[in-house]
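Coordinates from run.tsv are shown below (TSV, C-alpha atoms and all ligand atoms).
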chain	number	residue	atom	x	y	z
A	273	MET	CA	0.00	0.00	0.00
A	274	THR	CA	1.23	3.45	-0.85
A	275	ALA	CA	1.01	6.33	1.56
A	276	SER	CA	-1.86	7.82	-0.42
A	277	ASP	CA	-3.80	4.50	-0.38
A	278	THR	CA	-3.39	4.42	3.38
A	279	MET	CA	-4.68	7.98	3.61
A	280	GLU	CA	-7.69	7.07	1.43
A	281	VAL	CA	-8.56	4.14	3.68
A	282	GLY	CA	-8.19	6.38	6.73
A	283	TYR	CA	-10.42	9.01	5.11
A	284	ASP	CA	-13.16	6.50	4.26
A	285	GLU	CA	-13.01	5.15	7.80
A	286	LEU	CA	-13.33	8.65	9.19
A	287	CYS	CA	-16.41	9.35	7.01
A	288	GLY	CA	-17.99	6.09	8.19
A	289	ALA	CA	-17.21	6.88	11.83
A	290	LEU	CA	-18.71	10.37	11.48
A	291	ALA	CA	-21.93	9.04	9.88
A	292	ALA	CA	-22.25	6.41	12.61
A	293	LYS	CA	-22.30	9.19	15.21
A	294	ASP	CA	-24.70	11.47	13.26
A	295	LEU	CA	-21.97	13.93	12.35
A	296	GLN	CA	-21.45	15.32	8.87
A	297	PRO	CA	-18.33	17.07	7.59
A	298	LEU	CA	-18.81	20.47	5.95
A	299	TRP	CA	-16.08	19.72	3.44
A	300	THR	CA	-18.39	17.44	1.42
A	301	GLN	CA	-21.30	19.92	1.47
A	302	SER	CA	-20.22	23.49	1.07
A	303	GLY	CA	-21.32	24.02	-2.57
A	304	ARG	CA	-24.77	22.68	-1.82
A	305	LEU	CA	-25.22	24.66	1.39
A	306	MET	CA	-23.86	27.96	0.11
A	307	PRO	CA	-24.67	28.69	-3.52
A	308	GLN	CA	-23.35	32.09	-4.60
A	309	VAL	CA	-26.89	33.35	-5.21
A	310	PRO	CA	-30.26	31.85	-4.16
A	311	HIS	CA	-31.35	28.70	-6.01
A	312	PRO	CA	-35.05	28.52	-5.07
A	313	ARG	CA	-36.90	25.22	-5.25
A	314	THR	CA	-40.03	27.30	-5.93
A	315	LEU	CA	-40.70	27.36	-9.68
A	316	PRO	CA	-42.28	30.29	-11.47
A	317	TRP	CA	-45.79	28.97	-12.20
A	318	LEU	CA	-49.26	30.09	-13.24
A	319	TRP	CA	-52.80	28.81	-12.61
A	320	LYS	CA	-55.65	29.83	-14.93
A	321	TRP	CA	-58.82	31.26	-13.43
A	322	HIS	CA	-61.19	29.21	-15.58
A	323	THR	CA	-59.41	25.95	-14.74
A	324	MET	CA	-59.50	26.68	-10.99
A	325	LEU	CA	-63.12	27.87	-11.09
A	326	ALA	CA	-64.40	24.83	-13.04
A	327	LEU	CA	-62.76	22.44	-10.56
A	328	ALA	CA	-63.98	24.42	-7.53
A	329	GLU	CA	-67.50	24.25	-8.96
A	330	ARG	CA	-67.23	20.48	-9.30
A	331	ALA	CA	-66.13	20.31	-5.66
A	332	VAL	CA	-69.28	22.14	-4.51
A	333	GLU	CA	-71.48	19.09	-5.04
A	334	LEU	CA	-68.94	16.51	-3.95
A	335	VAL	CA	-67.30	18.23	-0.99
A	336	PRO	CA	-69.39	19.76	1.78
A	337	ILE	CA	-67.64	22.51	3.75
A	338	THR	CA	-67.41	20.25	6.78
A	339	ARG	CA	-65.34	17.61	4.99
A	340	GLY	CA	-61.81	17.99	6.30
A	341	GLY	CA	-60.31	21.34	7.22
A	342	ASP	CA	-63.65	23.19	7.46
A	343	ARG	CA	-62.97	24.97	4.18
A	344	ARG	CA	-63.45	24.34	0.44
A	345	VAL	CA	-59.97	25.40	-0.55
A	346	LEU	CA	-57.85	24.51	-3.58
A	347	ALA	CA	-54.19	25.12	-2.81
A	348	LEU	CA	-51.89	26.29	-5.60
A	349	ALA	CA	-49.27	23.57	-5.25
A	350	ASN	CA	-45.94	24.57	-6.75
A	351	PRO	CA	-44.50	21.56	-8.65
A	352	GLY	CA	-41.01	22.43	-7.38
A	353	LEU	CA	-41.94	21.72	-3.77
A	354	GLY	CA	-42.14	17.95	-3.71
A	355	GLY	CA	-45.93	17.58	-3.63
A	356	MET	CA	-46.53	19.93	-0.70
A	357	PRO	CA	-49.59	22.18	-1.11
A	358	TYR	CA	-47.40	25.29	-0.95
A	359	THR	CA	-47.13	28.00	-3.61
A	360	SER	CA	-43.65	29.05	-2.54
A	361	THR	CA	-41.36	27.85	0.25
A	362	THR	CA	-42.86	30.50	2.56
A	363	LEU	CA	-46.33	31.27	1.13
A	364	TRP	CA	-49.60	29.38	0.88
A	365	GLY	CA	-51.82	30.55	-1.99
A	366	ALA	CA	-55.27	29.12	-2.68
A	367	ILE	CA	-58.71	29.88	-3.93
A	368	GLN	CA	-61.60	29.38	-1.58
A	369	TYR	CA	-65.16	28.78	-2.78
A	370	LEU	CA	-68.20	29.41	-0.59
A	371	GLY	CA	-71.59	28.59	-2.11
A	372	PRO	CA	-74.82	30.51	-1.48
A	373	HIS	CA	-76.06	30.17	2.11
A	374	GLU	CA	-73.00	28.20	3.14
A	375	SER	CA	-71.00	28.92	6.24
A	376	ALA	CA	-67.45	27.85	7.07
A	377	PRO	CA	-67.15	27.22	10.83
A	378	ALA	CA	-64.99	29.21	13.22
A	379	HIS	CA	-61.48	28.18	14.16
A	380	ARG	CA	-58.15	29.80	14.86
A	381	HIS	CA	-54.52	28.98	14.15
A	382	THR	CA	-51.07	30.48	14.48
A	383	PRO	CA	-50.53	30.88	10.73
A	384	SER	CA	-51.96	34.25	9.67
A	385	ALA	CA	-54.16	34.68	6.61
A	386	ILE	CA	-55.15	37.42	4.22
A	387	ARG	CA	-58.17	37.20	1.91
A	388	PHE	CA	-58.36	39.03	-1.36
A	389	VAL	CA	-61.87	38.94	-2.81
A	390	MET	CA	-62.01	37.99	-6.48
A	391	ASN	CA	-65.76	37.95	-7.12
A	392	GLY	CA	-69.21	37.53	-5.57
A	393	SER	CA	-71.07	39.40	-2.84
A	394	GLY	CA	-73.09	38.90	0.32
A	395	VAL	CA	-70.22	37.31	2.27
A	396	TRP	CA	-68.52	38.36	5.46
A	397	THR	CA	-65.65	36.97	7.49
A	398	THR	CA	-66.06	37.39	11.22
A	399	VAL	CA	-62.69	38.10	12.87
A	400	ASP	CA	-62.80	38.01	16.68
A	401	GLY	CA	-66.44	39.11	16.62
A	402	ASP	CA	-66.09	41.81	13.94
A	403	ALA	CA	-68.03	40.85	10.80
A	404	CYS	CA	-65.94	42.17	7.88
A	405	ASP	CA	-67.90	42.51	4.65
A	406	MET	CA	-66.26	41.03	1.57
A	407	HIS	CA	-66.70	42.74	-1.78
A	408	PRO	CA	-64.59	42.27	-4.90
A	409	GLY	CA	-61.18	43.91	-4.51
A	410	ASP	CA	-61.35	44.05	-0.70
A	411	LEU	CA	-58.48	42.81	1.45
A	412	ILE	CA	-59.44	41.19	4.78
A	413	LEU	CA	-56.96	40.17	7.47
A	414	THR	CA	-57.19	37.24	9.85
A	415	PRO	CA	-54.13	37.70	12.08
A	416	ASN	CA	-52.37	34.95	14.02
A	417	TRP	CA	-54.71	33.25	16.53
A	418	ALA	CA	-57.81	35.33	15.63
A	419	TRP	CA	-61.07	33.37	15.55
A	420	HIS	CA	-62.48	33.45	12.04
A	421	ASP	CA	-65.45	32.04	10.15
A	422	HIS	CA	-66.96	32.85	6.77
A	423	THR	CA	-70.66	33.27	6.00
A	424	ASN	CA	-72.32	33.58	2.61
A	425	ALA	CA	-75.79	35.01	3.21
A	426	GLY	CA	-76.30	35.75	-0.48
A	427	ASP	CA	-77.67	33.80	-3.43
A	428	LYS	CA	-74.41	33.66	-5.38
A	429	PRO	CA	-71.18	31.81	-4.75
A	430	MET	CA	-68.11	33.74	-3.74
A	431	VAL	CA	-64.48	33.05	-4.64
A	432	TRP	CA	-61.56	34.64	-2.92
A	433	PHE	CA	-57.80	34.24	-2.76
A	434	ASP	CA	-56.29	33.00	0.51
A	435	GLY	CA	-52.69	33.92	1.30
A	436	LEU	CA	-51.12	32.40	4.42
A	437	ASP	CA	-47.69	32.28	6.01
A	438	LEU	CA	-48.42	28.60	6.75
A	439	PRO	CA	-45.31	27.11	5.07
A	440	PHE	CA	-43.07	29.52	6.99
A	441	VAL	CA	-44.78	28.84	10.32
A	442	ALA	CA	-44.56	25.11	9.54
A	443	HIS	CA	-40.79	25.47	8.96
A	444	LEU	CA	-40.60	27.09	12.39
A	445	GLU	CA	-42.61	24.13	13.80
A	446	SER	CA	-44.93	26.59	15.50
A	447	ILE	CA	-48.38	25.60	14.24
A	448	PHE	CA	-51.25	25.51	16.72
A	449	PHE	CA	-54.89	25.03	15.70
A	450	GLU	CA	-58.14	25.13	17.63
A	451	ARG	CA	-61.75	24.60	16.61
A	452	TYR	CA	-64.44	26.86	18.00
A	453	GLU	CA	-67.10	25.16	20.09
A	454	GLY	CA	-70.20	25.48	17.96
A	455	THR	CA	-70.26	26.61	14.36
A	456	ASN	CA	-70.04	30.39	14.12
A	457	GLN	CA	-68.83	32.89	16.68
A	458	PRO	CA	-71.32	35.59	17.70
A	459	VAL	CA	-71.19	38.75	15.57
A	460	LEU	CA	-70.50	41.59	18.04
A	461	ALA	CA	-70.02	44.38	15.47
A	462	ARG	CA	-69.92	44.97	11.72
A	463	ASN	CA	-66.86	46.50	10.04
A	464	ALA	CA	-65.92	47.98	13.42
A	465	SER	CA	-62.18	48.06	12.69
A	466	GLU	CA	-62.80	50.46	9.80
A	467	GLU	CA	-64.85	52.78	11.95
A	468	ARG	CA	-61.88	53.09	14.31
A	469	PHE	CA	-59.66	53.95	11.33
A	470	PRO	CA	-61.89	56.03	9.07
A	471	GLY	CA	-59.10	57.41	6.92
A	472	PRO	CA	-55.44	58.26	6.65
A	473	GLY	CA	-54.22	60.30	9.59
A	474	ILE	CA	-57.20	59.65	11.83
A	475	ARG	CA	-57.27	57.10	14.60
A	476	GLU	CA	-58.12	56.61	18.23
A	477	ARG	CA	-55.79	58.44	20.57
A	478	ALA	CA	-55.38	55.67	23.12
A	479	GLU	CA	-54.33	52.51	21.33
A	480	LYS	CA	-55.72	49.42	22.93
A	481	THR	CA	-54.29	47.02	20.42
A	482	SER	CA	-50.67	45.95	20.29
A	483	ALA	CA	-48.90	47.29	17.24
A	484	GLU	CA	-47.92	43.77	16.18
A	485	ARG	CA	-51.45	43.12	15.08
A	486	SER	CA	-53.09	45.55	12.67
A	487	PRO	CA	-56.29	46.80	14.33
A	488	LEU	CA	-57.65	47.50	10.84
A	489	LEU	CA	-58.99	44.27	9.35
A	490	ARG	CA	-60.76	45.37	6.16
A	491	TYR	CA	-59.17	47.40	3.36
A	492	PRO	CA	-62.01	48.28	0.97
A	493	TRP	CA	-61.47	48.24	-2.77
A	494	GLU	CA	-62.67	51.83	-3.31
A	495	THR	CA	-59.79	53.19	-1.21
A	496	THR	CA	-57.22	50.97	-2.91
A	497	ASP	CA	-58.48	51.93	-6.35
A	498	ARG	CA	-58.26	55.65	-5.58
A	499	ALA	CA	-54.77	55.26	-4.12
A	500	LEU	CA	-53.60	53.47	-7.27
A	501	ASP	CA	-55.07	56.14	-9.54
A	502	ALA	CA	-53.41	58.88	-7.50
A	503	ALA	CA	-50.06	57.06	-7.43
A	504	LEU	CA	-50.24	56.59	-11.19
A	505	ALA	CA	-51.11	60.24	-11.80
A	506	ASP	CA	-48.23	61.24	-9.55
A	507	SER	CA	-45.63	59.02	-11.18
A	508	GLY	CA	-46.89	59.37	-14.73
A	509	GLY	CA	-45.02	56.11	-15.15
A	510	PRO	CA	-45.94	52.87	-16.80
A	511	ALA	CA	-47.02	51.45	-13.43
A	512	ALA	CA	-47.76	52.33	-9.82
A	513	SER	CA	-47.72	50.25	-6.66
A	514	VAL	CA	-49.20	50.69	-3.22
A	515	THR	CA	-48.57	48.73	-0.03
A	516	PHE	CA	-51.18	47.95	2.61
A	517	VAL	CA	-50.04	48.86	6.12
A	518	ASN	CA	-50.96	48.60	9.76
A	519	PRO	CA	-52.37	52.14	10.37
A	520	VAL	CA	-50.85	52.34	13.86
A	521	ASN	CA	-47.21	52.07	12.89
A	522	GLY	CA	-46.97	51.80	9.12
A	523	ALA	CA	-45.67	48.22	9.36
A	524	SER	CA	-46.84	45.42	7.08
A	525	VAL	CA	-50.44	44.26	7.59
A	526	ILE	CA	-49.21	40.98	9.13
A	527	PRO	CA	-45.69	40.60	10.57
A	528	THR	CA	-44.96	37.79	8.10
A	529	LEU	CA	-47.03	38.88	5.07
A	530	GLY	CA	-46.73	41.91	2.82
A	531	CYS	CA	-49.73	42.92	0.69
A	532	GLU	CA	-49.38	45.16	-2.36
A	533	MET	CA	-51.45	46.31	-5.30
A	534	HIS	CA	-49.97	47.13	-8.68
A	535	ARG	CA	-51.47	48.86	-11.69
A	536	VAL	CA	-49.84	48.71	-15.12
A	537	VAL	CA	-51.06	50.99	-17.90
A	538	ALA	CA	-52.30	49.47	-21.19
A	539	GLY	CA	-49.51	48.97	-23.69
A	540	ARG	CA	-46.78	49.71	-21.12
A	541	ARG	CA	-44.12	47.57	-19.46
A	542	THR	CA	-42.55	47.83	-16.00
A	543	THR	CA	-38.83	47.85	-15.31
A	544	VAL	CA	-37.11	44.52	-14.62
A	545	ASP	CA	-36.20	43.81	-11.04
A	546	ARG	CA	-35.43	40.98	-8.70
A	547	ARG	CA	-35.56	40.75	-4.94
A	548	THR	CA	-35.08	38.19	-2.19
A	549	GLY	CA	-38.34	36.59	-1.07
A	550	SER	CA	-41.22	35.23	-3.11
A	551	ALA	CA	-44.47	36.82	-4.30
A	552	ILE	CA	-47.85	35.46	-5.40
A	553	TYR	CA	-49.72	37.69	-7.87
A	554	VAL	CA	-53.50	37.63	-8.30
A	555	VAL	CA	-54.74	39.30	-11.48
A	556	TYR	CA	-57.67	41.33	-10.20
A	557	ALA	CA	-58.50	42.99	-13.52
A	558	GLY	CA	-57.01	43.27	-16.99
A	559	SER	CA	-54.76	41.17	-19.17
A	560	GLY	CA	-51.11	41.09	-20.08
A	561	ALA	CA	-47.97	39.07	-19.49
A	562	SER	CA	-45.11	38.83	-17.04
A	563	VAL	CA	-41.64	37.61	-17.86
A	564	ILE	CA	-40.05	35.68	-14.98
A	565	ASP	CA	-36.46	34.56	-15.49
A	566	GLY	CA	-36.94	34.63	-19.27
A	567	MET	CA	-40.21	32.65	-19.28
A	568	ARG	CA	-43.30	34.48	-20.52
A	569	PHE	CA	-46.50	34.01	-18.46
A	570	GLU	CA	-49.62	35.30	-20.22
A	571	TRP	CA	-52.41	36.25	-17.88
A	572	ALA	CA	-55.98	37.55	-17.72
A	573	THR	CA	-58.43	38.39	-14.92
A	574	GLY	CA	-58.48	35.77	-12.14
A	575	ASP	CA	-55.21	34.07	-13.04
A	576	ILE	CA	-52.66	33.62	-10.25
A	577	PHE	CA	-48.90	33.25	-10.63
A	578	VAL	CA	-45.84	33.00	-8.40
A	579	ALA	CA	-42.39	34.57	-8.70
A	580	PRO	CA	-39.63	32.80	-6.71
A	581	SER	CA	-36.97	34.56	-4.66
A	582	TRP	CA	-34.35	36.38	-6.75
A	583	SER	CA	-36.19	35.77	-10.03
A	584	LYS	CA	-36.15	38.61	-12.57
A	585	VAL	CA	-39.69	39.93	-12.95
A	586	GLU	CA	-41.29	42.40	-15.36
A	587	HIS	CA	-44.93	42.96	-16.26
A	588	GLU	CA	-46.55	44.26	-19.43
A	589	ALA	CA	-50.23	45.13	-19.77
A	590	MET	CA	-52.44	44.63	-22.81
A	591	GLU	CA	-55.31	46.42	-21.09
A	592	THR	CA	-54.72	48.53	-18.00
A	593	SER	CA	-54.33	45.87	-15.34
A	594	THR	CA	-54.50	45.64	-11.56
A	595	LEU	CA	-52.55	42.94	-9.74
A	596	PHE	CA	-52.75	42.09	-6.06
A	597	ALA	CA	-49.59	40.57	-4.55
A	598	VAL	CA	-48.85	38.81	-1.28
A	599	THR	CA	-45.18	38.47	-0.35
A	600	ASP	CA	-42.87	37.28	2.43
A	601	ARG	CA	-40.95	40.56	2.23
A	602	PRO	CA	-41.60	41.59	5.88
A	603	ILE	CA	-39.75	38.46	7.06
A	604	VAL	CA	-36.86	38.97	4.69
A	605	GLU	CA	-36.58	42.65	5.64
A	606	ALA	CA	-36.85	42.07	9.38
A	607	LEU	CA	-33.99	39.58	9.20
A	608	GLY	CA	-31.71	41.88	7.21
A	609	LEU	CA	-31.87	39.57	4.18
A	610	TYR	CA	-33.66	41.89	1.76
A	611	ARG	CA	-31.80	42.64	-1.48
A	612	GLU	CA	-33.07	44.05	-4.72
A	613	GLU	CA	-31.58	44.69	-8.12
A	614	PHE	CA	-32.89	46.66	-11.09
A	615	PHE	CA	-32.11	46.16	-14.76
A	616	ASP	CA	-32.33	48.66	-17.60
A	617	SER	CA	-33.52	46.53	-20.49
A	618	ALA	CA	-36.20	43.90	-20.98
A	619	GLN	CA	-35.26	40.24	-20.50
A	620	LEU	CA	-34.51	37.87	-23.30
A	621	VAL	CA	-37.60	35.67	-23.60
A	622	THR	CA	-36.65	32.01	-23.93
A	623	GLY	CA	-40.12	30.42	-23.82
A	624	THR	CA	-43.81	30.84	-23.09
A	625	PHE	CA	-45.35	29.00	-20.14
A	626	GLU	CA	-48.08	26.51	-21.10
A	627	PRO	CA	-50.65	26.50	-18.30
A	628	LYS	CA	-52.29	23.17	-17.47
A	701	LIG	C1	-57.84	28.34	6.73
A	701	LIG	O1	-58.22	28.32	8.00
A	701	LIG	C2	-58.54	29.08	5.82
A	701	LIG	O2	-59.92	30.09	7.44
A	701	LIG	C3	-58.13	29.11	4.51
A	701	LIG	O3	-60.49	30.31	5.41
A	701	LIG	C4	-57.06	28.39	4.08
A	701	LIG	C5	-55.26	26.86	4.56
A	701	LIG	C6	-54.58	26.06	5.44
A	701	LIG	C7	-54.95	26.04	6.75
A	701	LIG	C8	-56.01	26.77	7.20
A	701	LIG	C9	-59.73	29.89	6.25
A	701	LIG	C10	-56.35	27.59	4.98
A	701	LIG	C11	-56.72	27.56	6.31

Could you render the structure from this file as structure tokens?
Ligand code: 1HN
Amino acid sequence: MTASDTMEVGYDELCGALAAKDLQPLWTQSGRLMPQVPHPRTLPWLWKWHTMLALAERAVELVPITRGGDRRVLALANPGLGGMPYTSTTLWGAIQYLGPHESAPAHRHTPSAIRFVMNGSGVWTTVDGDACDMHPGDLILTPNWAWHDHTNAGDKPMVWFDGLDLPFVAHLESIFFERYEGTNQPVLARNASEERFPGPGIRERAEKTSAERSPLLRYPWETTDRALDAALADSGGPAASVTFVNPVNGASVIPTLGCEMHRVVAGRRTTVDRRTGSAIYVVYAGSGASVIDGMRFEWATGDIFVAPSWSKVEHEAMETSTLFAVTDRPIVEALGLYREEFFDSAQLVTGTFEPK
């Protein structure tokens, strides 16, 4: 045996001895653990509104609300995530369907949720006793550990988008869940959180609520729409964006979830940028396309798509379009991990995504 053979045998023995004691050497791992830039498992992906709606409608007859999970929810399962019902590694995105005169029972959990109403009327979500009306374009919050149930008192079905920090909270192994005794919690007030916060700059002097939890639970579409128009008029640019905030301290609506609304003018294109953290986009109105890392995603009203962390994103509108987005940006920012980069010219398009 040569000296190097002896060393090789010694090395193999060392590796075996380490594995036997549940120890792993860094020297066999470092490329995998520390890529130079993020390599997300989340894939850019898109789900078509008509496909989701048709399947949700089929589920109405076959799946009563009470069957498992208390909710008729179709999760947007990113094919990059090994079969988990997650849209990105941190974000849950889904559509929820509530038929006429149906009610989804009250429960609470540590993952926080936001609802963005896509269509329908006559529905409210009761959040800790405050019945929040749901109209198209409204954003409704159900913060961590708040009791919540949904009631459709109308004659038409309602569909909304659910965004949750569930995958992130699951990674932290911090999920708790509790069912309410009985079906619905008593309604103590209607849209009370909005009455406490009637407009920008006005609020109660003595704050009873901790700043961690936004005391405003309902962000009505009319206000968002006006803010977008004003931001667009101000910028004169191809697009404008607004962020929803906790009115007490200007922080994100939920500590783990950022909510934004974007408007892109017909025939115009946004700049290209990329940032750490993922985003799910819900096309509220309009049609156009987004290029994500060179792949073109064509969209119309109701479609939902996801942009992974550090992917290059740009949007172009055929008609003037309004996109809601839920992101994990508050987490990334709070941890000092936020980075962004802007590019001058449009991306080279290498393919067009074929939705299923
Ligand atoms: C949940 O409670 C709702 O309350 C929606 O409407 C989606 C996804 C996973 C876990 C709980 C809701 C959910 C959820």

| task | Enumerate residues in contact with ligand LIG 701 (chain A): an atom-to-atom distance of at most 9 Å, counting all atoms listed in the file. Format the result as a ChimeraX atom specification. | result | /A:341-347,364-368,376-381,383-387,397,414,419-422,433-436,438,449

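Checking A:Glu588, A:Asp400, A:Glu466, A:Glu605 one by one against Val563 (chain A), counting all atoms listed in the file, you find the shortest gap at A:Glu588.
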
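Using only C-alpha atoms, the contacts of Tyr610 (chain A) at a cut-off of 10 Å, with sequence neighbours closer than 4 positions omitted, comprise Arg547, Thr548, Gly549, Arg601, Pro602, Ile603, Val604, Glu605 and Ala606 of chain A.
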
| said: Using all atoms listed in the file, which protein or nucleic acid residues come within 10 Å of Asn424 (chain A)? Drop anything in the same chain fewer than 6 positions from it, and give the result as a ChimeraX atom specification. | reply: /A:370-376,392-397,406,430

| task | Could you check how far CA of Trp432 (chain A) sits from CA of Gly409 (chain A), in Å to one decimal? | result |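 Between these atoms lies a distance of 9.4 Å.
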
| request: Just the residues within 7 Å of Ser550 (chain A), please, counting all atoms listed in the file, with nothing from its chain fewer than 6 positions along; format it as a list in words. | output: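 Close residues of Ser550 (chain A): Ser360, Ala579, Pro580, Ser581, Thr599 and Asp600 of chain A.
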
| message | Set the distance at 12 Å and use all atoms listed in the file: which residues neighbour Gly354 (chain A) once local chain neighbours fewer than 4 positions away are removed? I'd like the list as a ChimeraX atom specification. | response | /A:313-315,349-350,358-361

| remark: In terms of all atoms listed in the file, the residue from A:Gly282, A:Pro627, A:Lys320, A:Arg485 at minimal distance from Ala572 (chain A) is A:Lys320

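Counting all atoms listed in the file, the residue from A:Met324, A:Cys404, A:Val554, A:Met356 that sits nearest to Tyr491 (chain A) is A:Cys404.
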
Per-residue nearest contacts of region 491-512 of chain A to region 534-539 of chain A (10 Å; all atoms listed in the file) as a tab-separated table:
residue	atom	partner	partner_atom	distance
A:Asp497	CA	A:Arg535	CA	9.3
A:Leu500	CA	A:Arg535	CA	6.7
A:Asp501	CA	A:Arg535	CA	8.4
A:Ala503	CA	A:Arg535	CA	9.3
A:Leu504	CA	A:Arg535	CA	7.8
A:Gly508	CA	A:Val537	CA	9.9
A:Gly509	CA	A:Val537	CA	8.4
A:Pro510	CA	A:Val537	CA	5.6
A:Ala511	CA	A:Val536	CA	4.3
A:Ala512	CA	A:Arg535	CA	5.4

Residues of the last selection are to be written out with C-alpha atoms, as a CSV table (one decimal), in the coordinates of the input.
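File written: out22.csv
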chain,number,residue,atom,x,y,z
A,497,ASP,CA,-58.5,51.9,-6.4
A,500,LEU,CA,-53.6,53.5,-7.3
A,501,ASP,CA,-55.1,56.1,-9.5
A,503,ALA,CA,-50.1,57.1,-7.4
A,504,LEU,CA,-50.2,56.6,-11.2
A,508,GLY,CA,-46.9,59.4,-14.7
A,509,GLY,CA,-45.0,56.1,-15.2
A,510,PRO,CA,-45.9,52.9,-16.8
A,511,ALA,CA,-47.0,51.4,-13.4
A,512,ALA,CA,-47.8,52.3,-9.8

| To one decimal place, how far is CA of Ala557 (chain A) from CA of Leu411 (chain A) in Å? | 15.0 Å

| query | Which polymer residues have any atom within 7 Å of an atom of region 543-545 of chain A, counting all atoms listed in the file, with same-chain residues fewer than 3 positions away left out, as a PyMOL selection string? | reply | chain A and resi 584-586+613-616+618

Grab the residues selected above and save them as a compact mmCIF listing (two decimals), in the coordinates of the input with C-alpha atoms.
# COMPACT_ATOMS: atom_id res chain seq x y z
CA LYS A 584 -36.15 38.61 -12.57
CA VAL A 585 -39.69 39.93 -12.95
CA GLU A 586 -41.29 42.40 -15.36
CA GLU A 613 -31.58 44.69 -8.12
CA PHE A 614 -32.89 46.66 -11.09
CA PHE A 615 -32.11 46.16 -14.76
CA ASP A 616 -32.33 48.66 -17.60
CA ALA A 618 -36.20 43.90 -20.98
